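Chemist: The following file, protein_25.cif, comprises mmCIF, C-alpha atoms and all ligand atoms:
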```cif
data_data
#
loop_
_atom_site.label_atom_id
_atom_site.label_comp_id
_atom_site.auth_asym_id
_atom_site.auth_seq_id
_atom_site.Cartn_x
_atom_site.Cartn_y
_atom_site.Cartn_z
CA LEU I 992 45.27 140.89 11.43
CA ARG I 993 47.59 140.12 14.33
CA ARG I 994 44.87 138.30 16.19
CA ILE I 995 44.00 136.29 13.09
CA ALA I 996 47.66 135.38 12.65
CA ASP I 997 47.84 134.34 16.31
CA CYS I 998 44.83 132.06 15.94
CA LEU I 999 46.30 130.47 12.83
CA ARG I 1000 49.64 129.89 14.53
CA GLU I 1001 47.94 128.34 17.53
CA VAL I 1002 46.27 125.80 15.25
CA PHE I 1003 48.78 125.27 12.44
CA GLY I 1004 52.06 125.98 14.19
CA GLU I 1005 54.96 127.40 12.21
CA GLY I 1006 53.59 126.98 8.68
CA VAL I 1007 51.67 130.26 8.62
CA TYR I 1008 52.53 132.89 6.01
CA ARG I 1009 51.17 136.29 5.15
CA ILE I 1010 50.69 136.24 1.37
CA GLY I 1011 48.80 139.50 0.80
CA ASP I 1012 47.59 142.61 2.57
CA ASP I 1013 44.94 140.71 4.46
CA GLU I 1014 45.53 137.16 3.34
CA PHE I 1015 47.28 134.35 5.12
CA CYS I 1016 48.24 130.90 4.02
CA ALA I 1017 48.55 128.07 6.54
CA VAL I 1018 50.26 124.86 5.49
CA ALA I 1019 49.51 121.55 7.16
CA GLU I 1020 51.91 118.84 6.06
CA LYS I 1021 51.77 115.09 6.56
CA VAL I 1022 48.20 114.99 7.79
CA ASP I 1023 45.41 112.80 6.48
CA TYR I 1024 42.07 114.26 5.42
CA LYS I 1025 40.47 113.71 8.81
CA GLU I 1026 43.25 115.46 10.68
CA PHE I 1027 43.16 118.25 8.15
CA ALA I 1028 39.41 118.70 8.58
CA GLU I 1029 39.91 118.88 12.34
CA LEU I 1030 42.53 121.58 12.00
CA VAL I 1031 40.19 123.60 9.78
CA GLU I 1032 37.37 123.17 12.24
CA ARG I 1033 39.59 124.28 15.11
CA ALA I 1034 40.69 127.37 13.22
CA ALA I 1035 37.07 128.24 12.39
CA GLN I 1036 36.17 127.77 16.04
CA ARG I 1037 39.02 130.02 17.17
CA PHE I 1038 37.85 132.80 14.82
CA LEU I 1039 34.36 132.34 16.17
CA ASP I 1040 35.47 132.49 19.80
CA GLU I 1041 37.48 135.63 19.14
CA GLY I 1042 34.73 137.24 17.08
CA LEU I 1043 37.10 137.65 14.13
CA PRO I 1044 35.41 138.18 10.77
CA ALA I 1045 37.81 135.96 8.80
CA SER I 1046 36.87 133.67 5.92
CA LEU I 1047 38.54 130.28 5.53
CA GLY I 1048 39.22 128.40 2.29
CA PRO I 1049 40.42 124.87 2.99
CA ALA I 1050 42.01 122.76 0.25
CA TRP I 1051 43.51 119.32 0.73
CA ARG I 1052 45.39 116.94 -1.55
CA GLU I 1053 46.56 113.41 -0.90
CA ARG I 1054 49.82 114.31 -2.63
CA CYS I 1055 50.51 117.90 -3.56
CA VAL I 1056 52.52 118.12 -6.77
CA ASN I 1057 51.38 121.58 -7.76
CA THR I 1058 51.41 124.11 -4.93
CA GLU I 1059 50.04 126.85 -7.12
CA SER I 1060 46.87 125.03 -8.08
CA LEU I 1061 46.26 124.06 -4.47
CA LEU I 1062 46.68 127.68 -3.41
CA ASP I 1063 44.31 128.76 -6.18
CA LEU I 1064 41.68 126.34 -4.96
CA ALA I 1065 42.05 127.53 -1.38
CA GLY I 1066 41.82 131.13 -2.60
CA ASP I 1067 38.64 130.42 -4.58
CA ARG I 1068 37.03 128.79 -1.57
CA MET I 1069 38.09 131.60 0.72
CA ARG I 1070 36.61 134.20 -1.65
CA SER I 1071 33.44 132.18 -1.98
CA ALA I 1072 33.11 132.04 1.81
CA LYS I 1073 33.69 135.78 1.97
CA ARG I 1074 31.14 136.41 -0.77
CA GLY I 1075 28.66 134.43 1.31
CA ARG I 1076 28.88 137.00 4.06
CA HIS I 1077 28.52 139.82 1.56
CA ARG I 1078 25.65 138.02 -0.15
CA ALA I 1079 23.84 137.95 3.14
CA THR I 1080 23.93 141.74 3.17
CA ASP I 1081 22.70 141.83 -0.43
CA LEU I 1082 19.81 139.61 0.55
CA GLY I 1083 18.63 142.34 2.87
CA VAL I 1084 19.96 140.81 6.04
CA ASP I 1085 21.31 143.73 7.98
CA LEU I 1086 24.22 142.14 9.77
CA ALA I 1087 24.67 144.98 12.20
CA SER I 1088 21.11 145.15 13.43
CA ASP I 1089 20.06 141.54 13.06
CA ALA I 1090 22.21 139.87 15.66
CA ALA I 1091 20.72 136.41 15.28
CA VAL I 1092 21.32 136.13 11.56
CA SER I 1093 24.69 137.82 11.82
CA ASN I 1094 25.76 135.15 14.28
CA LEU I 1095 24.61 132.58 11.77
CA LEU I 1096 26.41 134.13 8.82
CA ARG I 1097 29.96 134.05 10.08
CA PRO I 1098 32.56 131.32 9.99
CA GLY I 1099 31.35 128.36 12.02
CA GLY I 1100 28.07 130.14 12.73
CA ALA I 1101 25.80 127.52 11.19
CA ARG I 1102 27.36 124.73 13.20
CA GLU I 1103 27.11 126.80 16.37
CA ALA I 1104 23.46 127.56 15.70
CA VAL I 1105 22.71 123.88 15.14
CA ARG I 1106 24.34 123.09 18.49
CA ALA I 1107 22.44 125.89 20.17
CA GLY I 1108 19.16 124.43 18.90
CA LEU I 1109 18.27 127.43 16.77
CA PHE I 1110 17.19 125.33 13.80
CA THR I 1111 14.15 123.22 13.42
CA ILE I 1112 12.45 121.42 10.57
CA TYR I 1113 8.93 121.95 9.34
CA LEU I 1114 7.08 119.21 7.50
CA MET I 1115 5.16 119.82 4.30
CA PRO I 1116 2.69 117.07 3.35
CA GLN I 1117 2.70 115.21 0.04
CA ALA I 1118 -0.53 113.55 -1.05
CA SER I 1119 -1.12 110.68 -3.42
CA SER I 1120 -2.81 112.20 -6.45
CA ALA I 1121 -4.84 109.03 -6.89
CA THR I 1122 -6.29 108.76 -3.36
CA GLY I 1123 -5.60 112.11 -1.71
CA GLU I 1124 -3.98 110.26 1.19
CA ILE I 1125 -0.84 111.73 2.78
CA VAL I 1126 2.00 109.51 1.55
CA GLY I 1127 5.03 111.56 2.45
CA ALA I 1128 6.45 114.83 3.72
CA GLU I 1129 9.29 117.16 2.86
CA ALA I 1130 11.53 118.48 5.62
CA LEU I 1131 12.13 122.24 5.29
CA ILE I 1132 14.63 124.01 7.49
CA ARG I 1133 13.61 126.98 9.66
CA PHE I 1134 15.83 129.28 11.69
CA ARG I 1135 14.45 130.51 14.96
CA ASN I 1136 15.42 134.07 15.57
CA GLN I 1137 14.74 134.09 19.26
CA GLU I 1138 14.65 137.82 19.87
CA ARG I 1139 12.05 138.37 17.20
CA LYS I 1140 10.40 134.98 17.57
CA LEU I 1141 10.44 134.71 13.81
CA GLN I 1142 10.86 131.70 11.65
CA ALA I 1143 13.38 132.84 9.07
CA LEU I 1144 12.78 131.28 5.67
CA PRO I 1145 15.62 129.36 4.05
CA SER I 1146 15.94 131.85 1.19
CA SER I 1147 17.28 134.41 3.68
CA PHE I 1148 20.29 132.32 4.66
CA ILE I 1149 20.78 129.26 2.45
CA PRO I 1150 22.45 130.95 -0.54
CA ALA I 1151 24.87 132.75 1.77
CA LEU I 1152 25.68 129.59 3.73
CA GLU I 1153 26.24 127.74 0.45
CA ASP I 1154 28.71 130.38 -0.68
CA MET I 1155 30.43 130.26 2.67
CA GLY I 1156 30.77 126.50 2.47
CA GLU I 1157 28.76 126.09 5.68
CA ILE I 1158 25.57 124.52 4.37
CA SER I 1159 26.35 120.89 5.10
CA SER I 1160 25.78 121.25 8.84
CA ILE I 1161 22.23 122.42 8.06
CA ASP I 1162 21.62 119.60 5.60
CA PHE I 1163 22.80 116.93 8.00
CA PHE I 1164 20.85 118.50 10.85
CA ALA I 1165 17.67 118.26 8.73
CA LEU I 1166 18.52 114.63 7.94
CA SER I 1167 18.99 113.79 11.62
CA GLU I 1168 15.71 115.44 12.56
CA ALA I 1169 13.89 113.55 9.80
CA CYS I 1170 15.38 110.26 11.01
CA ALA I 1171 14.52 110.99 14.63
CA THR I 1172 10.94 111.74 13.57
CA VAL I 1173 10.50 108.56 11.48
CA SER I 1174 12.04 106.52 14.28
CA ARG I 1175 9.64 108.03 16.82
CA TRP I 1176 6.66 107.36 14.52
CA HIS I 1177 7.68 103.70 14.40
CA GLN I 1178 8.04 103.54 18.17
CA GLU I 1179 4.65 105.13 18.68
CA GLY I 1180 3.13 102.56 16.36
CA ARG I 1181 1.98 105.12 13.80
CA THR I 1182 1.99 104.46 10.08
CA ALA I 1183 5.16 106.36 9.27
CA VAL I 1184 5.45 108.13 5.95
CA PRO I 1185 8.78 108.72 4.19
CA ILE I 1186 10.40 112.14 4.68
CA ALA I 1187 12.27 113.94 1.92
CA VAL I 1188 15.39 115.90 2.88
CA ASN I 1189 17.04 118.61 0.75
CA PHE I 1190 20.76 118.55 0.12
CA SER I 1191 22.74 121.40 -1.33
CA ARG I 1192 24.98 120.76 -4.32
CA ARG I 1193 27.84 121.91 -2.14
CA THR I 1194 27.11 119.13 0.35
CA ILE I 1195 26.74 116.32 -2.16
CA GLY I 1196 30.16 117.21 -3.55
CA ASP I 1197 31.80 116.46 -0.19
CA LYS I 1198 33.98 113.39 -0.06
CA GLY I 1199 32.13 110.32 1.20
CA PHE I 1200 28.73 112.06 1.09
CA ALA I 1201 26.58 108.97 0.35
CA GLU I 1202 28.38 106.96 3.04
CA ARG I 1203 27.84 109.71 5.59
CA VAL I 1204 24.11 109.80 4.81
CA ALA I 1205 23.92 106.03 5.23
CA GLU I 1206 25.77 106.23 8.57
CA VAL I 1207 23.45 108.88 9.98
CA VAL I 1208 20.31 107.02 8.95
CA ALA I 1209 21.65 103.72 10.30
CA SER I 1210 22.46 105.39 13.62
CA TYR I 1211 18.72 106.06 14.06
CA ASP I 1212 17.89 102.51 13.05
CA VAL I 1213 15.67 103.86 10.27
CA ASP I 1214 15.18 101.96 7.02
CA PRO I 1215 16.67 103.99 4.12
CA SER I 1216 13.44 103.55 2.17
CA PHE I 1217 11.89 106.06 4.59
CA ILE I 1218 14.30 108.78 3.53
CA GLU I 1219 14.15 110.47 0.16
CA ILE I 1220 17.13 112.58 -0.82
CA GLU I 1221 16.34 115.70 -2.86
CA ILE I 1222 19.07 117.15 -5.01
CA THR I 1223 18.94 119.93 -7.56
CA GLU I 1224 20.38 119.66 -10.99
CA SER I 1225 21.84 122.78 -12.51
CA ALA I 1226 22.62 122.92 -16.20
CA ARG I 1227 24.98 125.79 -15.49
CA GLU I 1228 27.37 123.59 -13.61
CA ASP I 1229 28.79 120.69 -15.47
CA ASP I 1230 28.84 118.02 -12.84
CA SER I 1231 26.88 115.16 -14.33
CA ALA I 1232 29.62 112.75 -13.26
CA LEU I 1233 29.24 113.87 -9.64
CA LEU I 1234 25.43 113.65 -9.73
CA ARG I 1235 25.62 110.19 -11.20
CA ARG I 1236 28.10 108.96 -8.65
CA VAL I 1237 26.09 110.39 -5.77
CA ALA I 1238 22.77 109.07 -7.09
CA ASP I 1239 24.26 105.61 -7.62
CA GLY I 1240 25.79 105.60 -4.15
CA LEU I 1241 22.52 106.64 -2.52
CA ARG I 1242 20.36 104.26 -4.48
CA SER I 1243 22.61 101.32 -3.77
CA GLY I 1244 22.27 102.22 -0.08
CA GLY I 1245 18.48 101.83 -0.44
CA PHE I 1246 17.62 105.56 -0.56
CA ARG I 1247 15.23 107.13 -3.00
CA VAL I 1248 16.74 109.94 -5.03
CA ALA I 1249 14.58 112.89 -6.09
CA ILE I 1250 15.55 115.59 -8.56
CA ASP I 1251 14.18 118.86 -7.17
CA ASP I 1252 12.89 121.94 -8.99
CA PHE I 1253 12.74 120.49 -12.50
CA GLY I 1254 11.02 122.94 -14.75
CA VAL I 1255 12.04 126.33 -15.86
CA GLU I 1256 15.44 127.24 -14.49
CA ASN I 1257 16.60 123.67 -14.19
CA ALA I 1258 15.29 121.56 -17.03
CA ASN I 1259 18.13 119.52 -18.36
CA PHE I 1260 16.80 116.55 -20.28
CA ALA I 1261 20.26 115.01 -20.42
CA LEU I 1262 19.58 114.02 -16.80
CA PHE I 1263 17.39 111.19 -17.98
CA THR I 1264 20.28 109.59 -19.85
CA GLN I 1265 23.00 110.54 -17.41
CA LEU I 1266 21.75 109.04 -14.19
CA MET I 1267 19.14 106.86 -12.56
CA PHE I 1268 16.83 108.45 -10.04
CA ASN I 1269 13.47 107.61 -8.45
CA VAL I 1270 11.50 110.84 -8.32
CA LEU I 1271 11.19 113.97 -10.45
CA LYS I 1272 9.83 117.05 -8.68
CA ILE I 1273 8.10 119.38 -11.09
CA ASP I 1274 8.87 122.94 -10.05
CA LYS I 1275 6.16 125.30 -8.92
CA SER I 1276 6.98 127.78 -11.67
CA LEU I 1277 5.75 125.21 -14.18
CA VAL I 1278 2.67 124.31 -12.14
CA TRP I 1279 1.79 128.00 -11.80
CA GLY I 1280 1.73 128.29 -15.60
CA LEU I 1281 -1.30 125.99 -15.69
CA GLY I 1282 -4.38 127.85 -16.75
CA SER I 1283 -2.59 130.89 -18.12
CA GLU I 1284 -0.17 129.23 -20.54
CA ARG I 1285 -1.87 127.00 -23.07
CA HIS I 1286 0.97 124.56 -23.54
CA THR I 1287 1.83 124.02 -19.91
CA MET I 1288 -0.64 121.16 -19.45
CA LYS I 1289 0.79 119.38 -22.49
CA ILE I 1290 4.33 119.82 -21.24
CA ILE I 1291 3.49 118.48 -17.80
CA ARG I 1292 1.58 115.57 -19.29
CA GLY I 1293 4.53 114.77 -21.59
CA LEU I 1294 6.92 114.93 -18.66
CA VAL I 1295 4.74 112.65 -16.55
CA ASN I 1296 4.45 110.12 -19.40
CA LEU I 1297 8.19 110.11 -19.95
CA CYS I 1298 8.76 109.50 -16.24
CA ASP I 1299 6.12 106.75 -16.19
CA ASP I 1300 7.91 104.95 -19.01
CA LEU I 1301 11.18 105.20 -17.13
CA GLY I 1302 9.67 104.08 -13.83
CA ILE I 1303 10.20 107.49 -12.25
CA GLU I 1304 7.63 108.94 -9.84
CA THR I 1305 6.52 112.55 -10.32
CA VAL I 1306 5.78 115.07 -7.59
CA ALA I 1307 4.14 118.37 -8.53
CA GLU I 1308 5.12 121.26 -6.28
CA GLY I 1309 3.34 124.51 -5.57
CA ILE I 1310 -0.25 123.34 -5.93
CA GLU I 1311 -2.29 126.23 -4.57
CA THR I 1312 -5.66 125.92 -6.28
CA GLU I 1313 -8.23 123.23 -6.80
CA GLU I 1314 -7.85 123.78 -10.53
CA GLN I 1315 -4.11 123.07 -10.45
CA TYR I 1316 -4.73 120.00 -8.29
CA ARG I 1317 -7.29 118.64 -10.73
CA ALA I 1318 -5.04 119.26 -13.74
CA LEU I 1319 -2.14 117.42 -12.13
CA ARG I 1320 -4.31 114.48 -11.20
CA GLU I 1321 -5.50 114.39 -14.80
CA ALA I 1322 -1.91 114.51 -16.02
CA GLY I 1323 -1.24 111.40 -13.94
CA CYS I 1324 1.27 112.98 -11.62
CA THR I 1325 2.00 110.57 -8.74
CA ARG I 1326 2.23 112.94 -5.78
CA ALA I 1327 0.99 116.43 -5.08
CA GLN I 1328 2.57 119.03 -2.80
CA GLY I 1329 1.50 122.62 -2.21
CA TYR I 1330 -0.41 125.03 0.01
CA ARG I 1331 -3.68 123.51 -1.26
CA LEU I 1332 -2.74 120.29 0.56
CA GLY I 1333 -0.91 121.80 3.49
CA LYS I 1334 1.76 124.38 4.28
CA PRO I 1335 5.10 123.58 5.89
CA GLN I 1336 4.25 123.20 9.60
CA PRO I 1337 5.83 122.19 12.90
CA ILE I 1338 6.10 118.41 13.30
CA ASP I 1339 3.52 118.20 16.11
CA GLU I 1340 0.99 120.12 14.04
CA PHE I 1341 1.65 117.84 11.10
CA GLU I 1342 1.00 114.84 13.32
CA ARG I 1343 -2.21 116.26 14.78
CA ARG I 1344 -3.52 117.07 11.36
CA PHE I 1345 -2.55 114.04 9.32
CA PHE I 1346 -2.21 111.15 11.77
CA THR I 1347 -5.27 109.87 13.48
P1 LIG U 1 12.19 123.35 -2.29
O1 LIG U 1 12.97 122.16 -1.85
O2 LIG U 1 11.78 123.41 -3.71
O3 LIG U 1 10.97 123.41 -1.29
C1 LIG U 1 9.71 123.85 -1.64
C2 LIG U 1 9.54 125.31 -1.30
O4 LIG U 1 8.40 125.79 -2.00
C3 LIG U 1 9.26 125.56 0.19
O5 LIG U 1 9.75 126.84 0.50
C4 LIG U 1 7.75 125.55 0.21
O6 LIG U 1 7.22 126.27 1.31
C5 LIG U 1 7.43 126.24 -1.09
N1 LIG U 1 6.11 125.84 -1.57
C6 LIG U 1 5.66 124.59 -1.73
N2 LIG U 1 4.39 124.60 -2.15
C7 LIG U 1 4.04 125.90 -2.30
C8 LIG U 1 2.83 126.54 -2.73
O7 LIG U 1 1.82 125.93 -3.04
N3 LIG U 1 2.85 127.89 -2.78
C9 LIG U 1 3.95 128.61 -2.42
N4 LIG U 1 3.86 129.94 -2.51
N5 LIG U 1 5.10 128.04 -2.00
C10 LIG U 1 5.13 126.68 -1.95
P2 LIG U 1 10.79 127.07 1.65
O8 LIG U 1 10.45 126.26 2.85
O9 LIG U 1 10.94 128.53 1.79
O10 LIG U 1 12.11 126.45 1.07
C11 LIG U 1 12.78 127.07 0.01
C12 LIG U 1 13.96 126.25 -0.43
O11 LIG U 1 14.95 126.19 0.57
C13 LIG U 1 13.63 124.80 -0.70
O12 LIG U 1 13.02 124.68 -1.94
C14 LIG U 1 14.99 124.16 -0.64
O13 LIG U 1 15.65 124.31 -1.87
C15 LIG U 1 15.69 125.00 0.38
N6 LIG U 1 15.78 124.23 1.62
C16 LIG U 1 14.88 124.03 2.60
N7 LIG U 1 15.38 123.25 3.59
C17 LIG U 1 16.65 122.93 3.22
C18 LIG U 1 17.71 122.15 3.80
O14 LIG U 1 17.59 121.53 4.86
N8 LIG U 1 18.88 122.09 3.10
C19 LIG U 1 19.05 122.74 1.91
N9 LIG U 1 20.22 122.64 1.30
N10 LIG U 1 18.08 123.46 1.34
C20 LIG U 1 16.89 123.55 1.98
MG MG U 2 12.92 120.30 -2.04
MG MG U 3 11.41 122.20 -5.17
#
```
Here is a file; write its structure as structure tokens.
Ligand code: C2E
Ligand code: MG
Ligand code: MG
Modeler:
Amino acid sequence: LRRIADCLREVFGEGVYRIGDDEFCAVAEKVDYKEFAELVERAAQRFLDEGLPASLGPAWRERCVNTESLLDLAGDRMRSAKRGRHRATDLGVDLASDAAVSNLLRPGGAREAVRAGLFTIYLMPQASSATGEIVGAEALIRFRNQERKLQALPSSFIPALEDMGEISSIDFFALSEACATVSRWHQEGRTAVPIAVNFSRRTIGDKGFAERVAEVVASYDVDPSFIEIEITESAREDDSALLRRVADGLRSGGFRVAIDDFGVENANFALFTQLMFNVLKIDKSLVWGLGSERHTMKIIRGLVNLCDDLGIETVAEGIETEEQYRALREAGCTRAQGYRLGKPQPIDEFERRFFT
């Protein structure tokens, strides 16, 4: 606790208070958002350097009229960050024995790992249902656990990093890699295909998200039409206003917006009236019902027709069998994605296999 207090005082100066057994509150006055974010980053870095297992919950207001509500917000975020580390343990990641993932799942760990080059993206092909040609790819993040030479799947760390509020460094890393890849394809004179990048709901809620995406893509001199932004809608969280604002911002910047995982868990039809988007990705759980559930084909066909009428492209995910592929072609789905067409693979393998 003393060492944590020392770190906080180093960064925030005098405005550090102990408000509970193991809780501190640091107040930064008269700073703008950018300065505030830098202070938070410095504190996170200090904890990291000192190996202190502390969770941070930053909250900033242009003008603070209600201290209590600001403290509540900071407390919620701090608990959510803390839960992230606990969630990692629940997910079966043994923090004590798995050094690589434990380094990842601590404050500032994701950013560190990005800098240390421990992440990479794999590309998963998307084919045109009409011609079978590869017309796109989805970027999927992989974590290299060097000791075990394993590629950790995103499900083992993404939920925890989301809870910890650390996911955006991963999302923007994947975006940068996708841009670098498209840019290289152009330079090498290949027919580049658009790459889809996943963004967590936590990331899209960050202030200035759409602008930041546009800046990154522009810095690689890549046309926004080559980047598709995948976001997930969740009926459980009422944030249609946010989704709409983000989708509008991205689309006006020339990006294509895809709604990911539409199907069973997320299947909010209000989406169609609430915002404009370019692509609907039909979740694998729905595709896997084909063949065994009689109505599934009708539902998919209905969904595809609705999207057609609205000028929305459809991508079916999780196509594993020839039978599923045929059914989705019949349903008129625009693009197909799944192990049947190609697994997520390292970029060079993707190039060898799909570019001639
Ligand atoms: P997603 O965006 O829905 O990605 C598709 C996932 O389904 C991938 O799993 C892919 O390997 C898997 N999949 C696709 N087709 C098939 C199939 O035919 N059979 C089977 N069995 N699986 C199939 P993966 O790579 O494990 O990714 C899981 C999730 O992690 C992604 O789901 C996405 O939500 C998230 N994710 C991946 N990269 C990022 C990232 O950079 N940022 C964020 N925020 N999330 C990411
Ligand atoms: Mg996706
Ligand atoms: Mg999906």
Chemist: Restricting the calculation to all atoms listed in the file: of I:Tyr1330, I:Phe1164, I:Tyr1024, I:Phe1003, which residue gets closest to Gly1199 of chain I?
Modeler: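 The closest residue to Gly1199 of chain I is I:Tyr1024.
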Chemist: How would you report the residues lying within 6 Å of ligand MG 3 (chain U), as a PDB file with C-alpha atoms, keeping the file's coordinate frame, if you count all atoms listed in the file?
Modeler:
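Written out: result39.pdb:
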```
ATOM      1  CA  ASP I1251      14.180 118.860  -7.170  1.00  0.00           C
ATOM      2  CA  ASP I1252      12.890 121.940  -8.990  1.00  0.00           C
ATOM      3  CA  ASP I1274       8.870 122.940 -10.050  1.00  0.00           C
TER       4      ASP I1274
END
```
Chemist: May I ask you to write as a list in words all residues lying at most 9 Å from ligand MG 2 (chain U), with only C-alpha atoms and all ligand atoms counted?
Modeler: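 My answer, listing the contacting residues, is Glu1129, Ala1130, Leu1131, Ala1187, Val1188, Asn1189, Phe1190, Ile1220, Glu1221, Ile1222, Thr1223, Ala1249, Ile1250, Asp1251, Asp1252, Lys1272 and Glu1308 of chain I.
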Chemist: Compile the contact shell of segment 1257-1269 of chain I as a JSON list (two decimals) with C-alpha atoms, in the coordinates of the input: residues with an atom at most 8 Å away, counting only C-alpha atoms, same-chain residues fewer than 5 positions apart removed.
Modeler:
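Output (around_17.json):
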```json
[["chain", "number", "residue", "atom", "x", "y", "z"],
["I", 1223, "THR", "CA", 18.94, 119.93, -7.56],
["I", 1224, "GLU", "CA", 20.38, 119.66, -10.99],
["I", 1225, "SER", "CA", 21.84, 122.78, -12.51],
["I", 1226, "ALA", "CA", 22.62, 122.92, -16.20],
["I", 1231, "SER", "CA", 26.88, 115.16, -14.33],
["I", 1234, "LEU", "CA", 25.43, 113.65, -9.73],
["I", 1235, "ARG", "CA", 25.62, 110.19, -11.20],
["I", 1238, "ALA", "CA", 22.77, 109.07, -7.09],
["I", 1239, "ASP", "CA", 24.26, 105.61, -7.62],
["I", 1242, "ARG", "CA", 20.36, 104.26, -4.48],
["I", 1247, "ARG", "CA", 15.23, 107.13, -3.00],
["I", 1248, "VAL", "CA", 16.74, 109.94, -5.03],
["I", 1249, "ALA", "CA", 14.58, 112.89, -6.09],
["I", 1250, "ILE", "CA", 15.55, 115.59, -8.56],
["I", 1252, "ASP", "CA", 12.89, 121.94, -8.99],
["I", 1302, "GLY", "CA", 9.67, 104.08, -13.83],
["I", 1303, "ILE", "CA", 10.20, 107.49, -12.25],
["I", 1304, "GLU", "CA", 7.63, 108.94, -9.84]]
```
Chemist: Output the neighbourhood of ligand LIG 1 (chain U) as a list in words, that is, all protein and nucleic acid residues with some atom at most 6 Å from the ligand, counting all atoms listed in the file.
Modeler: Leu1131, Ile1132, Leu1144, Pro1145, Ser1146, Ile1161, Asp1162, Ala1165, Asn1189, Phe1190, Ser1191, Asp1252, Glu1308, Gly1309, Ile1310, Glu1311, Gln1328, Gly1329, Tyr1330 and Pro1335 of chain I
Chemist: What does the structure give for the distance between atom CA of Pro1049 of chain I and atom CA of Arg1033 of chain I, in Å to one decimal?
Modeler: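 Atom CA of Pro1049 of chain I sits 12.2 Å away from atom CA of Arg1033 of chain I.
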Chemist: Here is a test: counting only C-alpha atoms, which residue of I:Cys1170, I:Ile1273, I:Ala1050, I:Leu1233 is nearest to Val1207 of chain I?
Modeler: I:Cys1170
Chemist: Take the point (17.5, 127.9, 18.0) in the file's coordinates, draw a sphere of radius 9 Å around it, and report as number ranges by chain every protein, DNA or RNA residue with an atom inside or on it, counting all atoms listed in the file.
Modeler: I: 1104-1111, 1134-1137
Chemist: Taking (43.1, 136.0, 14.1) in the file's own coordinates, collect the residues within 10 Å, counting all atoms listed in the file, and hand them back as a list of chain:residue names.
Modeler: I:Leu992, I:Arg993, I:Arg994, I:Ile995, I:Ala996, I:Asp997, I:Cys998, I:Leu999, I:Arg1000, I:Glu1001, I:Ala1034, I:Ala1035, I:Arg1037, I:Phe1038, I:Leu1039, I:Glu1041, I:Gly1042, I:Leu1043, I:Pro1044, I:Ala1045
Chemist: Show which residues sit within 12 Å of Trp1176 of chain I, as an mmCIF file with C-alpha atoms, in the frame of the given file. Count only C-alpha atoms, and ignore same-chain residues fewer than 3 positions away.
Modeler:
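Ended up saving to result06.cif:
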```
data_model
loop_
_atom_site.group_PDB
_atom_site.id
_atom_site.type_symbol
_atom_site.label_atom_id
_atom_site.label_comp_id
_atom_site.auth_asym_id
_atom_site.auth_seq_id
_atom_site.Cartn_x
_atom_site.Cartn_y
_atom_site.Cartn_z
ATOM 1 C CA ALA I 1169 13.890 113.550 9.800
ATOM 2 C CA CYS I 1170 15.380 110.260 11.010
ATOM 3 C CA ALA I 1171 14.520 110.990 14.630
ATOM 4 C CA THR I 1172 10.940 111.740 13.570
ATOM 5 C CA VAL I 1173 10.500 108.560 11.480
ATOM 6 C CA GLU I 1179 4.650 105.130 18.680
ATOM 7 C CA GLY I 1180 3.130 102.560 16.360
ATOM 8 C CA ARG I 1181 1.980 105.120 13.800
ATOM 9 C CA THR I 1182 1.990 104.460 10.080
ATOM 10 C CA ALA I 1183 5.160 106.360 9.270
ATOM 11 C CA VAL I 1184 5.450 108.130 5.950
ATOM 12 C CA PRO I 1185 8.780 108.720 4.190
ATOM 13 C CA ILE I 1186 10.400 112.140 4.680
ATOM 14 C CA VAL I 1213 15.670 103.860 10.270
ATOM 15 C CA PHE I 1217 11.890 106.060 4.590
ATOM 16 C CA ILE I 1338 6.100 118.410 13.300
ATOM 17 C CA ASP I 1339 3.520 118.200 16.110
ATOM 18 C CA GLU I 1342 1.000 114.840 13.320
ATOM 19 C CA PHE I 1346 -2.210 111.150 11.770
#
```
Chemist: Looking at only C-alpha atoms, which of I:Ser1160, I:Ser1119, I:Ser1071, I:Asn1057 is the one that sits closest to Gly1099 of chain I?
Modeler: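 The closest residue to Gly1099 of chain I is I:Ser1160.
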Chemist: Mind pulling up the distance from atom CA of Glu1314 of chain I to atom CA of Leu1277 of chain I?
Modeler: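 That distance, rounded to one decimal, is 14.2 Å.
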Chemist: Rounded to one decimal in Å, what is the spacing between atom CA of Thr1287 of chain I and atom CA of Asp1299 of chain I?
Modeler: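 One can read the atom CA of Thr1287 of chain I to atom CA of Asp1299 of chain I distance as 18.2 Å.
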Chemist: Pick out the closest residue to Phe1253 of chain I from this set: I:Ser1216, I:Ala1307, I:Gly1293, I:His1077. Count all atoms listed in the file.
Modeler: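 Checking each of I:Ser1216, I:Ala1307, I:Gly1293, I:His1077 against Phe1253 of chain I, counting all atoms listed in the file, the winner is I:Ala1307.
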Chemist: Considering only C-alpha atoms, can you say which of I:Val1056, I:Met1288, I:Leu1062, I:Val1031 comes closest to Cys1016 of chain I?
Modeler: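 Checking each candidate against Cys1016 of chain I, we get I:Leu1062 as the closest.
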